[in-house]
$ cat final10.cif   # mmCIF, C-alpha atoms
data_start
loop_
_atom_site.label_atom_id
_atom_site.label_comp_id
_atom_site.auth_asym_id
_atom_site.auth_seq_id
_atom_site.Cartn_x
_atom_site.Cartn_y
_atom_site.Cartn_z
CA MET A 280 -0.89 31.38 27.49
CA ARG A 281 2.38 33.28 27.36
CA ILE A 282 5.70 31.42 27.14
CA TYR A 283 9.31 31.84 26.04
CA CYS A 284 11.42 28.94 24.81
CA ASP A 285 14.50 28.09 22.77
CA ARG A 286 13.66 28.24 19.06
CA GLN A 287 15.89 25.33 18.05
CA ALA A 288 14.56 23.01 20.78
CA LEU A 289 10.99 23.97 19.89
CA ALA A 290 11.56 23.52 16.14
CA GLU A 291 13.07 20.07 16.69
CA ALA A 292 10.19 19.01 18.93
CA VAL A 293 7.58 20.29 16.45
CA ASN A 294 9.37 18.57 13.55
CA ASN A 295 9.19 15.19 15.32
CA VAL A 296 5.71 15.55 16.81
CA GLN A 297 4.10 16.67 13.55
CA ARG A 298 4.83 13.27 11.97
CA ALA A 299 1.77 12.02 13.83
CA VAL A 300 -0.46 14.91 12.76
CA ALA A 301 -3.28 14.13 10.33
CA SER A 302 -2.68 15.66 6.88
CA LYS A 303 -6.43 16.01 6.30
CA SER A 304 -9.19 15.50 8.83
CA ALA A 305 -12.86 16.29 9.33
CA LEU A 306 -11.72 17.52 12.76
CA PRO A 307 -9.46 20.56 12.05
CA ALA A 308 -7.76 20.29 15.45
CA LEU A 309 -6.21 16.96 14.35
CA GLU A 310 -4.26 18.88 11.70
CA GLY A 311 -2.60 20.80 14.51
CA ILE A 312 -0.17 20.35 17.36
CA LEU A 313 -1.41 20.63 20.94
CA LEU A 314 0.70 22.98 23.10
CA ARG A 315 0.15 22.82 26.85
CA SER A 316 2.30 24.95 29.17
CA SER A 317 2.64 24.61 32.92
CA ALA A 318 5.26 25.34 35.56
CA SER A 319 8.53 25.52 33.54
CA SER A 320 7.74 23.21 30.63
CA LEU A 321 5.85 22.98 27.35
CA PHE A 322 4.09 19.76 26.36
CA LEU A 323 3.55 19.10 22.63
CA ALA A 324 1.40 16.42 21.01
CA GLY A 325 0.51 15.27 17.51
CA TYR A 326 -2.23 12.68 17.09
CA ASP A 327 -4.22 11.35 14.12
CA MET A 328 -6.42 8.94 16.15
CA GLU A 329 -4.15 5.99 15.27
CA LEU A 330 -0.61 7.26 15.90
CA GLY A 331 0.51 9.85 18.44
CA ILE A 332 3.84 11.43 19.36
CA THR A 333 4.37 13.64 22.42
CA THR A 334 7.31 15.36 24.08
CA THR A 335 8.09 18.01 26.70
CA ILE A 336 10.68 20.79 26.48
CA GLU A 337 11.85 23.49 28.89
CA ALA A 338 10.10 26.84 28.73
CA GLN A 339 9.70 30.08 30.69
CA VAL A 340 5.99 30.12 31.44
CA ASP A 341 4.59 33.55 32.31
CA GLU A 342 0.98 32.40 31.85
CA PRO A 343 0.11 28.70 31.62
CA GLY A 344 -2.45 27.60 29.07
CA GLU A 345 -3.30 25.42 26.08
CA ILE A 346 -3.68 26.01 22.35
CA VAL A 347 -3.71 23.94 19.15
CA LEU A 348 -1.73 25.42 16.22
CA THR A 349 -1.84 24.23 12.61
CA ALA A 350 1.20 21.97 12.34
CA LYS A 351 2.40 22.83 8.84
CA LEU A 352 2.25 26.61 9.27
CA PHE A 353 3.70 26.51 12.80
CA SER A 354 6.61 24.35 11.62
CA GLU A 355 7.36 26.61 8.64
CA ILE A 356 7.33 29.72 10.83
CA LEU A 357 9.70 28.20 13.39
CA ARG A 358 12.08 27.01 10.68
CA ARG A 359 12.47 30.55 9.33
CA LEU A 360 12.63 32.57 12.54
CA PRO A 361 15.85 34.61 12.89
CA ALA A 362 16.76 34.44 16.58
CA ASP A 363 17.24 31.93 19.41
CA GLU A 364 14.35 32.82 21.73
CA VAL A 365 10.71 32.69 20.67
CA LEU A 366 7.64 34.09 22.39
CA ILE A 367 4.28 32.38 21.98
CA GLU A 368 1.25 34.20 23.34
CA SER A 369 -2.41 33.29 22.84
CA ASN A 370 -5.64 34.81 24.14
CA ASP A 371 -9.06 33.43 24.97
CA LYS A 372 -10.14 33.87 21.31
CA ASN A 373 -7.27 31.58 20.20
CA ASN A 374 -5.40 34.40 18.45
CA THR A 375 -1.73 33.49 18.77
CA ILE A 376 1.31 35.76 18.47
CA ILE A 377 4.68 34.21 17.60
CA ARG A 378 7.53 36.69 18.04
CA CYS A 379 11.25 36.12 17.50
CA GLY A 380 13.84 38.84 16.93
CA ASN A 381 12.32 41.37 14.53
CA SER A 382 9.76 38.86 13.19
CA GLU A 383 6.20 38.62 14.39
CA PHE A 384 3.29 36.44 13.22
CA THR A 385 -0.32 36.41 14.34
CA ILE A 386 -2.16 33.20 13.49
CA MET A 387 -5.44 31.60 14.49
CA GLY A 388 -5.32 28.54 16.67
CA PHE A 389 -7.94 26.09 17.88
CA SER A 390 -9.27 25.54 21.36
CA SER A 391 -7.70 22.55 23.11
CA VAL A 392 -11.25 21.51 24.01
CA ASP A 393 -11.55 20.34 20.38
CA TYR A 394 -8.47 18.12 20.71
CA PRO A 395 -9.20 14.42 21.40
CA GLU A 396 -8.05 12.78 24.59
CA LEU A 397 -4.75 10.95 24.21
CA PRO A 398 -4.84 7.17 24.87
CA THR A 399 -3.59 5.78 28.16
CA ILE A 400 -2.77 2.21 29.19
CA ASN A 401 -3.78 0.85 32.57
CA ASN A 402 -2.31 -2.41 33.87
CA GLY A 403 -0.39 -3.04 30.65
CA ALA A 404 2.62 -5.31 30.20
CA ALA A 405 5.88 -3.37 30.56
CA MET A 406 9.34 -4.19 29.23
CA THR A 407 12.70 -2.56 28.51
CA MET A 408 14.97 -3.08 25.52
CA GLN A 409 17.94 -1.41 23.84
CA GLN A 410 17.26 1.19 21.18
CA ASN A 411 19.89 -0.08 18.73
CA MET A 412 18.57 -3.64 18.97
CA LEU A 413 14.97 -2.68 18.22
CA LYS A 414 16.13 -0.32 15.45
CA SER A 415 17.92 -3.20 13.72
CA MET A 416 14.95 -5.54 14.19
CA ILE A 417 12.44 -3.07 12.75
CA ARG A 418 14.70 -2.19 9.83
CA GLN A 419 15.15 -5.86 8.93
CA THR A 420 11.41 -6.63 8.90
CA LEU A 421 9.60 -3.45 7.86
CA PHE A 422 10.43 -3.95 4.17
CA ALA A 423 8.21 -7.06 4.03
CA VAL A 424 5.07 -5.39 5.44
CA ALA A 425 2.06 -5.53 3.10
CA GLN A 426 1.29 -2.21 1.40
CA THR A 427 -2.37 -2.98 0.66
CA ASP A 428 -5.10 -3.45 3.25
CA THR A 429 -6.72 -6.58 1.80
CA ARG A 430 -5.89 -8.03 5.21
CA PRO A 431 -5.15 -4.98 7.40
CA VAL A 432 -3.33 -7.05 10.03
CA HIS A 433 -0.56 -7.72 7.48
CA THR A 434 0.14 -3.99 7.10
CA GLY A 435 1.90 -4.30 10.45
CA VAL A 436 4.70 -6.28 12.11
CA GLN A 437 3.83 -9.02 14.57
CA PHE A 438 5.73 -8.87 17.87
CA GLU A 439 6.07 -12.15 19.74
CA ILE A 440 7.63 -12.49 23.18
CA LYS A 441 8.05 -16.01 24.46
CA ASP A 442 10.71 -17.82 26.52
CA GLN A 443 12.65 -14.52 26.80
CA VAL A 444 12.97 -14.16 23.02
CA LEU A 445 11.57 -11.21 21.08
CA ARG A 446 10.59 -12.09 17.51
CA LEU A 447 9.36 -9.65 14.84
CA VAL A 448 7.58 -11.05 11.77
CA ALA A 449 6.30 -9.33 8.61
CA VAL A 450 4.55 -10.91 5.61
CA ASP A 451 2.99 -9.57 2.42
CA GLY A 452 1.93 -12.67 0.52
CA SER A 453 5.11 -12.93 -1.57
CA ARG A 454 7.78 -12.72 1.12
CA LEU A 455 8.43 -13.05 4.82
CA ALA A 456 10.92 -11.41 7.17
CA MET A 457 11.61 -12.67 10.68
CA ARG A 458 14.08 -11.26 13.19
CA SER A 459 14.82 -12.62 16.68
CA GLU A 460 16.78 -11.43 19.72
CA PRO A 461 16.92 -12.49 23.38
CA ILE A 462 15.11 -10.16 25.77
CA LYS A 463 14.80 -9.98 29.55
CA SER A 464 11.06 -10.41 29.93
CA ASN A 465 8.90 -12.97 31.68
CA GLU A 466 5.88 -11.94 29.61
CA ASP A 467 4.36 -14.09 26.87
CA LEU A 468 2.85 -11.60 24.43
CA GLN A 469 1.72 -11.40 20.83
CA PHE A 470 0.52 -8.20 19.13
CA VAL A 471 0.74 -6.42 15.75
CA VAL A 472 2.06 -2.85 15.42
CA PRO A 473 1.17 -0.87 12.25
CA GLY A 474 3.99 -0.41 9.78
CA LYS A 475 3.27 3.34 9.74
CA THR A 476 3.98 3.51 13.48
CA LEU A 477 7.22 1.56 13.21
CA ASN A 478 8.41 3.76 10.36
CA GLU A 479 8.13 6.78 12.68
CA VAL A 480 9.64 4.89 15.63
CA LEU A 481 12.62 4.08 13.41
CA LYS A 482 13.34 7.80 12.97
CA LEU A 483 13.46 8.36 16.74
CA LEU A 484 15.56 5.33 17.70
CA GLY A 485 19.29 5.83 18.23
CA ASP A 486 22.24 3.61 17.37
CA GLU A 487 23.40 3.38 20.98
CA GLU A 488 22.57 0.89 23.72
CA GLU A 489 20.22 3.39 25.35
CA PRO A 490 17.07 1.89 26.90
CA LEU A 491 13.56 2.37 25.61
CA TYR A 492 10.47 1.51 27.60
CA VAL A 493 7.49 -0.27 26.10
CA THR A 494 4.01 -0.67 27.57
CA VAL A 495 1.46 -2.87 25.81
CA GLY A 496 -2.26 -2.81 26.51
CA ALA A 497 -5.24 -4.54 24.97
CA ARG A 498 -5.62 -2.00 22.16
CA HIS A 499 -2.59 0.31 22.30
CA ILE A 500 1.19 0.35 22.67
CA ILE A 501 3.33 3.16 24.11
CA MET A 502 7.08 3.45 23.47
CA GLU A 503 9.20 5.87 25.52
CA ILE A 504 12.19 6.81 23.33
CA GLY A 505 14.53 9.46 24.71
CA GLY A 506 12.34 12.45 25.43
CA TYR A 507 9.49 11.25 23.21
CA SER A 508 6.44 9.06 23.75
CA VAL A 509 5.05 7.24 20.73
CA PHE A 510 1.66 5.64 21.17
CA SER A 511 -0.30 3.68 18.62
CA ARG A 512 -3.34 1.51 18.25
CA LEU A 513 -2.63 -2.18 17.65
CA LEU A 514 -3.97 -4.01 14.59
CA ASP A 515 -6.77 -6.53 15.03
CA GLY A 516 -7.11 -9.76 13.08
CA GLU A 517 -5.51 -13.16 12.72
CA PHE A 518 -1.91 -12.98 11.56
CA LEU A 519 -0.73 -15.54 9.00
CA PRO A 520 0.38 -18.83 10.65
CA TYR A 521 3.77 -18.17 9.12
CA ARG A 522 5.62 -21.14 10.62
CA LYS A 523 3.79 -23.45 8.21
CA ALA A 524 5.26 -21.50 5.28
CA ILE A 525 8.90 -22.01 6.36
CA PRO A 526 10.49 -25.03 4.63
CA ILE A 527 12.03 -27.45 7.11
CA ASN A 528 14.37 -29.45 4.88
CA ALA A 529 16.63 -28.06 2.17
CA SER A 530 17.76 -29.94 -0.95
CA THR A 531 20.26 -27.20 -1.88
CA LYS A 532 22.43 -25.01 0.34
CA ILE A 533 24.38 -22.04 -1.02
CA ARG A 534 26.91 -19.88 0.80
CA VAL A 535 27.60 -16.57 -0.94
CA ASN A 536 29.09 -13.12 -0.36
CA THR A 537 26.18 -10.74 0.25
CA ARG A 538 27.68 -7.69 -1.49
CA ALA A 539 28.60 -9.69 -4.58
CA MET A 540 25.08 -11.15 -4.77
CA ILE A 541 23.42 -7.74 -4.34
CA ASP A 542 25.56 -6.17 -7.06
CA ALA A 543 24.90 -9.00 -9.52
CA VAL A 544 21.13 -8.97 -8.94
CA ASP A 545 21.13 -5.18 -9.24
CA ARG A 546 22.97 -5.29 -12.58
CA ALA A 547 20.84 -8.08 -14.01
CA SER A 548 17.69 -6.14 -13.08
CA LEU A 549 18.56 -3.07 -15.15
CA VAL A 550 16.40 -4.31 -18.07
CA ILE A 551 13.37 -4.58 -15.76
CA ASN A 552 11.10 -1.64 -14.93
CA ASP A 553 7.54 -1.08 -13.71
CA ARG A 554 6.23 -1.34 -17.27
CA LEU A 555 8.40 -4.23 -18.43
CA LYS A 556 8.26 -6.84 -15.69
CA SER A 557 10.01 -10.16 -16.06
CA PRO A 558 11.32 -12.71 -13.57
CA LEU A 559 14.98 -12.79 -12.73
CA ILE A 560 16.12 -16.33 -13.53
CA CYS A 561 18.61 -17.81 -11.05
CA ARG A 562 20.55 -20.99 -11.86
CA PHE A 563 22.35 -22.64 -8.97
CA LYS A 564 24.98 -24.98 -10.42
CA ASP A 565 28.72 -25.83 -10.23
CA ASP A 566 29.56 -23.43 -7.39
CA ARG A 567 28.14 -20.41 -9.14
CA ILE A 568 24.85 -18.53 -9.32
CA SER A 569 24.00 -17.49 -12.87
CA LEU A 570 21.51 -14.66 -13.22
CA SER A 571 19.64 -13.73 -16.38
CA CYS A 572 16.69 -11.64 -17.52
CA ILE A 573 15.07 -10.79 -20.87
CA THR A 574 12.59 -7.95 -21.55
CA ALA A 575 11.74 -5.70 -24.49
CA LEU A 576 14.58 -3.42 -23.35
CA GLY A 577 17.17 -6.17 -23.85
CA SER A 578 18.82 -8.98 -21.95
CA ALA A 579 21.21 -9.19 -19.02
CA ASN A 580 23.44 -11.95 -17.67
CA ASP A 581 25.67 -12.07 -14.62
CA THR A 582 27.42 -14.64 -12.43
CA VAL A 583 28.34 -14.88 -8.76
CA GLU A 584 30.81 -17.35 -7.28
CA ALA A 585 29.28 -19.39 -4.44
CA LYS A 586 29.69 -22.60 -2.51
CA ILE A 587 26.78 -24.88 -3.48
CA ASP A 588 25.91 -28.20 -1.86
CA GLY A 589 23.05 -30.36 -3.08
CA ARG A 590 20.79 -30.44 -6.09
CA GLN A 591 21.15 -27.89 -8.88
CA GLU A 592 18.11 -25.68 -9.44
CA GLU A 593 16.72 -23.09 -11.84
CA MET A 594 14.17 -20.67 -10.38
CA GLY A 595 12.63 -17.27 -11.13
CA PHE A 596 12.17 -14.42 -8.64
CA ASN A 597 10.80 -10.92 -8.47
CA SER A 598 14.06 -8.97 -8.60
CA ARG A 599 12.87 -6.19 -6.28
CA PHE A 600 11.72 -8.64 -3.61
CA LEU A 601 15.03 -10.49 -3.84
CA LEU A 602 17.04 -7.25 -3.60
CA ASP A 603 15.00 -6.03 -0.61
CA ALA A 604 15.78 -9.23 1.28
CA LEU A 605 19.48 -9.21 0.39
CA ARG A 606 19.95 -5.54 1.31
CA ASN A 607 18.36 -6.06 4.71
CA THR A 608 20.53 -9.00 5.78
CA GLU A 609 23.12 -6.59 7.25
CA SER A 610 25.76 -9.35 7.07
CA ASP A 611 28.81 -9.97 4.90
CA GLU A 612 27.92 -13.53 4.03
CA ILE A 613 24.61 -15.38 3.83
CA VAL A 614 23.29 -18.89 3.41
CA ILE A 615 20.53 -19.54 0.85
CA GLU A 616 18.46 -22.70 1.22
CA LEU A 617 16.25 -24.15 -1.53
CA SER A 618 13.66 -26.90 -1.24
CA GLY A 619 12.62 -27.28 -4.87
CA THR A 620 11.32 -24.92 -7.53
CA GLN A 621 7.88 -24.50 -5.93
CA SER A 622 9.13 -23.65 -2.43
CA PRO A 623 10.34 -20.24 -1.25
CA MET A 624 14.00 -19.28 -1.14
CA LYS A 625 15.18 -19.12 2.47
CA ILE A 626 17.87 -16.56 3.31
CA LEU A 627 19.74 -16.98 6.59
CA PRO A 628 22.82 -15.50 8.28
CA ALA A 629 26.04 -17.45 7.75
CA GLU A 630 26.36 -17.65 11.54
CA GLY A 631 23.58 -17.69 14.14
CA GLU A 632 19.81 -17.45 13.73
CA SER A 633 19.08 -13.73 14.09
CA PHE A 634 17.04 -13.43 10.88
CA LEU A 635 15.15 -15.51 8.32
CA PHE A 636 13.80 -14.17 5.04
CA LEU A 637 11.58 -16.01 2.56
CA VAL A 638 11.05 -14.98 -1.07
CA LEU A 639 8.46 -16.88 -3.11
CA PRO A 640 9.57 -17.99 -6.59
CA VAL A 641 7.85 -16.86 -9.79
CA ARG A 642 6.62 -19.65 -12.05
CA LEU A 643 8.75 -19.81 -15.20
CA LYS A 644 7.26 -20.39 -18.64
CA ARG A 645 8.86 -23.48 -20.11
CA VAL A 646 9.30 -23.47 -23.86
#

$ encode --input "final10.cif" --output "structure tokens"
Amino acid sequence: MRIYCDRQALAEAVNNVQRAVASKSALPALEGILLRSSASSLFLAGYDMELGITTTIEAQVDEPGEIVLTAKLFSEILRRLPADEVLIESNDKNNTIIRCGNSEFTIMGFSSVDYPELPTINNGAAMTMQQNMLKSMIRQTLFAVAQTDTRPVHTGVQFEIKDQVLRLVAVDGSRLAMRSEPIKSNEDLQFVVPGKTLNEVLKLLGDEEEPLYVTVGARHIIMEIGGYSVFSRLLDGEFLPYRKAIPINASTKIRVNTRAMIDAVDRASLVINDRLKSPLICRFKDDRISLSCITALGSANDTVEAKIDGRQEEMGFNSRFLLDALRNTESDEIVIELSGTQSPMKILPAEGESFLFLVLPVRLKRV
């Protein structure tokens, strides 16, 4: 293989593709990036057997071919090269020369024969959606994904498509995040995408109304985002029947400014740390939310003005879980619904039904 290409375009492609490269693997080729040149283009792929990212860039191809280069070293070399055009040349012994300006490196690659075949989807369900919409939906649910694999299916986000509505749901045993948007699709689908995959998808999605193309198969999903393809295995298992966990009736309804609530919770949580954990006590009474916390570091008290209808309540919450939910509302004002001290707090938008967050209360010790 002998090719010339733009250093900046190549460095950007390598930087994105290497996010799917395995950090450590029994198969050394999986710690590398596959380069495949043909005609006037260079195809790049990173794949760790669960998540894969591929892209194609323009290149001057003098001799087509394939090679796998160690991702970390290749990326570091490209980042430090001095000029705009880079030459990559490899021989049949996988020795690879990288030349740019006055700099030249010779590194050992791996045969592409050692690289696993990338997944494909035949006869999958296809749909189109806007990048900015999916970006918002992932951002507002990913925070509630389970971090442990006690039930691996909960380390992902469930996608539901029914009656032309796309719904994303994440749960971790102590909280729930649900986000819904209308979508033009006649498919009825339900599948779970790993949180790790969605975290990488989030980095590729733009803030514009550009389309992205999704294909879902029995075991894999492929997302076409700009010039990149992200493919991932889907998670198996039975997802929590979350609808049963959502309270139907509320005995207390609170309308509050989101920024004011975030700031107050943040301040009241300053006496809490990983070593000194204590519930944040919330009292909902007389059109104000009173927040308090006591640990060995000290005590904190704060108050937020709110409009409260219904029964007054006193409940405890994990301050980090509460802050995560509040910060991901992405709205100026929210509605909080309570259904008693043993039921989860429900957080909703002041207008519409785009999201729903649940945060389970912490049992308070009564003196």

$ closest_atom_pairs --input "final10.cif" --of "stretch 381-410 of chain A" --to "stretch 506-511 of chain A" --cutoff "9 Å" --atoms "all atoms listed in the file" --output "CSV"
residue,atom,partner,partner_atom,distance
A:Leu397,CA,A:Phe510,CA,8.9
A:Pro398,CA,A:Phe510,CA,7.6
A:Thr399,CA,A:Phe510,CA,8.7

$ closest_residue --input "final10.cif" --among "A:Ile440, A:Leu555, A:Leu455, A:Ile417" --to "A:Val495" --atoms "all atoms listed in the file"
A:Ile440

$ resolve_selection --input "final10.cif" --expression "the PyMOL selection byres ((chain A and resi 580) around 8)" --output "NGL selection string"
:A and (547 or 569-572 or 578-579 or 581-582)

$ resolve_selection --input "final10.cif" --expression "the PyMOL selection byres ((chain A and resi 625) around 6)" --output "CSV table (one decimal) with C-alpha atoms, in the frame of the given file"
chain,number,residue,atom,x,y,z
A,615,ILE,CA,20.5,-19.5,0.8
A,616,GLU,CA,18.5,-22.7,1.2
A,624,MET,CA,14.0,-19.3,-1.1
A,626,ILE,CA,17.9,-16.6,3.3
A,636,PHE,CA,13.8,-14.2,5.0
A,637,LEU,CA,11.6,-16.0,2.6

$ resolve_selection --input "final10.cif" --expression "the PyMOL selection byres ((chain A and resi 405) around 9)" --output "VMD selection string"
chain A and resid 402 to 404 406 to 407 464 466 492 to 495

$ atom_distance --input "final10.cif" --atom1 "atom CA of A:Arg458" --atom2 "atom CA of A:Ile568"
26.0 Å

$ residues_around --input "final10.cif" --residues "A:Ile541" --least-positions-apart "2" --cutoff "12 Å" --atoms "only C-alpha atoms" --output "number ranges by chain"
A: 535-539, 543-548, 568, 570, 581-583, 598-613

$ residues_near_point --input "final10.cif" --point "(-4.0, 27.3, 12.8)" --cutoff "9 Å" --atoms "all atoms listed in the file" --output "number ranges by chain"
A: 307-308, 310-311, 347-353, 375, 386-389

$ atom_distance --input "final10.cif" --atom1 "atom CA of A:Ala292" --atom2 "atom CA of A:Pro343"
18.9 Å

$ closest_residue --input "final10.cif" --among "A:Glu345, A:Glu487, A:Asp467, A:Glu383" --to "A:Glu439" --atoms "all atoms listed in the file"
A:Asp467

$ closest_residue --input "final10.cif" --among "A:Leu323, A:Leu519, A:Leu481, A:Leu513" --to "A:His433" --atoms "only C-alpha atoms"
A:Leu519

$ atom_distance --input "final10.cif" --atom1 "atom CA of A:Thr427" --atom2 "atom CA of A:Tyr326"
22.7 Å

$ residues_around --input "final10.cif" --residues "A:Arg281" --least-positions-apart "6" --cutoff "10 Å" --atoms "only C-alpha atoms" --output "ChimeraX atom specification"
/A:316,339-345,366-370,375-376

$ residues_near_point --input "final10.cif" --point "(19.0, -24.8, -4.1)" --cutoff "10 Å" --atoms "all atoms listed in the file" --output "number ranges by chain"
A: 529-533, 561-564, 587-594, 615-620, 624-625

$ closest_residue --input "final10.cif" --among "A:Phe322, A:Phe438, A:Tyr394, A:Phe384" --to "A:Ile282" --atoms "all atoms listed in the file"
A:Phe322

$ decode --input "final10.cif" --residues "stretch 608-630 of chain A" --atoms "N, CA and C atoms" --output "CSV table (one decimal), in the first residue's frame"
chain,number,residue,atom,x,y,z
A,608,THR,N,-32.8,18.4,32.7
A,608,THR,CA,-34.2,18.8,32.2
A,608,THR,C,-34.1,19.7,31.0
A,609,GLU,N,-33.1,20.5,30.9
A,609,GLU,CA,-32.9,21.5,29.8
A,609,GLU,C,-34.1,22.4,29.6
A,610,SER,N,-34.7,22.8,30.7
A,610,SER,CA,-35.9,23.7,30.6
A,610,SER,C,-35.8,24.7,31.8
A,611,ASP,N,-36.4,25.9,31.6
A,611,ASP,CA,-36.3,26.9,32.6
A,611,ASP,C,-37.1,26.7,33.8
A,612,GLU,N,-38.2,26.0,33.6
A,612,GLU,CA,-39.1,25.7,34.7
A,612,GLU,C,-39.6,24.3,34.6
A,613,ILE,N,-39.8,23.6,35.8
A,613,ILE,CA,-40.2,22.3,35.9
A,613,ILE,C,-41.4,22.1,36.8
A,614,VAL,N,-42.0,20.9,36.7
A,614,VAL,CA,-43.1,20.5,37.6
A,614,VAL,C,-42.6,19.3,38.3
A,615,ILE,N,-42.7,19.3,39.6
A,615,ILE,CA,-42.4,18.2,40.5
A,615,ILE,C,-43.7,17.6,41.0
A,616,GLU,N,-43.8,16.3,40.9
A,616,GLU,CA,-45.0,15.6,41.4
A,616,GLU,C,-44.6,14.6,42.5
A,617,LEU,N,-45.3,14.6,43.6
A,617,LEU,CA,-45.1,13.7,44.7
A,617,LEU,C,-46.3,12.9,45.0
A,618,SER,N,-46.1,11.6,45.4
A,618,SER,CA,-47.3,10.8,45.7
A,618,SER,C,-47.1,10.1,47.0
A,619,GLY,N,-46.5,10.8,47.9
A,619,GLY,CA,-46.2,10.2,49.3
A,619,GLY,C,-44.8,10.0,49.5
A,620,THR,N,-44.4,9.8,50.7
A,620,THR,CA,-43.0,9.7,51.1
A,620,THR,C,-42.3,8.4,50.6
A,621,GLN,N,-43.1,7.4,50.2
A,621,GLN,CA,-42.5,6.1,49.8
A,621,GLN,C,-42.4,6.0,48.2
A,622,SER,N,-43.0,7.0,47.5
A,622,SER,CA,-43.1,6.9,46.1
A,622,SER,C,-42.0,7.9,45.5
A,623,PRO,N,-41.5,7.6,44.3
A,623,PRO,CA,-40.5,8.4,43.7
A,623,PRO,C,-41.0,9.8,43.3
A,624,MET,N,-40.0,10.8,43.4
A,624,MET,CA,-40.3,12.1,42.9
A,624,MET,C,-40.4,12.0,41.3
A,625,LYS,N,-41.4,12.7,40.8
A,625,LYS,CA,-41.5,12.7,39.3
A,625,LYS,C,-41.2,14.1,38.9
A,626,ILE,N,-40.3,14.3,37.9
A,626,ILE,CA,-39.9,15.6,37.4
A,626,ILE,C,-40.4,15.7,35.9
A,627,LEU,N,-41.1,16.7,35.6
A,627,LEU,CA,-41.7,16.9,34.3
A,627,LEU,C,-41.5,18.3,33.8
A,628,PRO,N,-41.6,18.4,32.4
A,628,PRO,CA,-41.5,19.8,31.9
A,628,PRO,C,-42.7,20.6,32.3
A,629,ALA,N,-42.5,21.9,32.4
A,629,ALA,CA,-43.7,22.8,32.8
A,629,ALA,C,-44.7,22.8,31.7
A,630,GLU,N,-44.3,22.6,30.4
A,630,GLU,CA,-45.1,22.5,29.3
A,630,GLU,C,-44.8,21.3,28.5
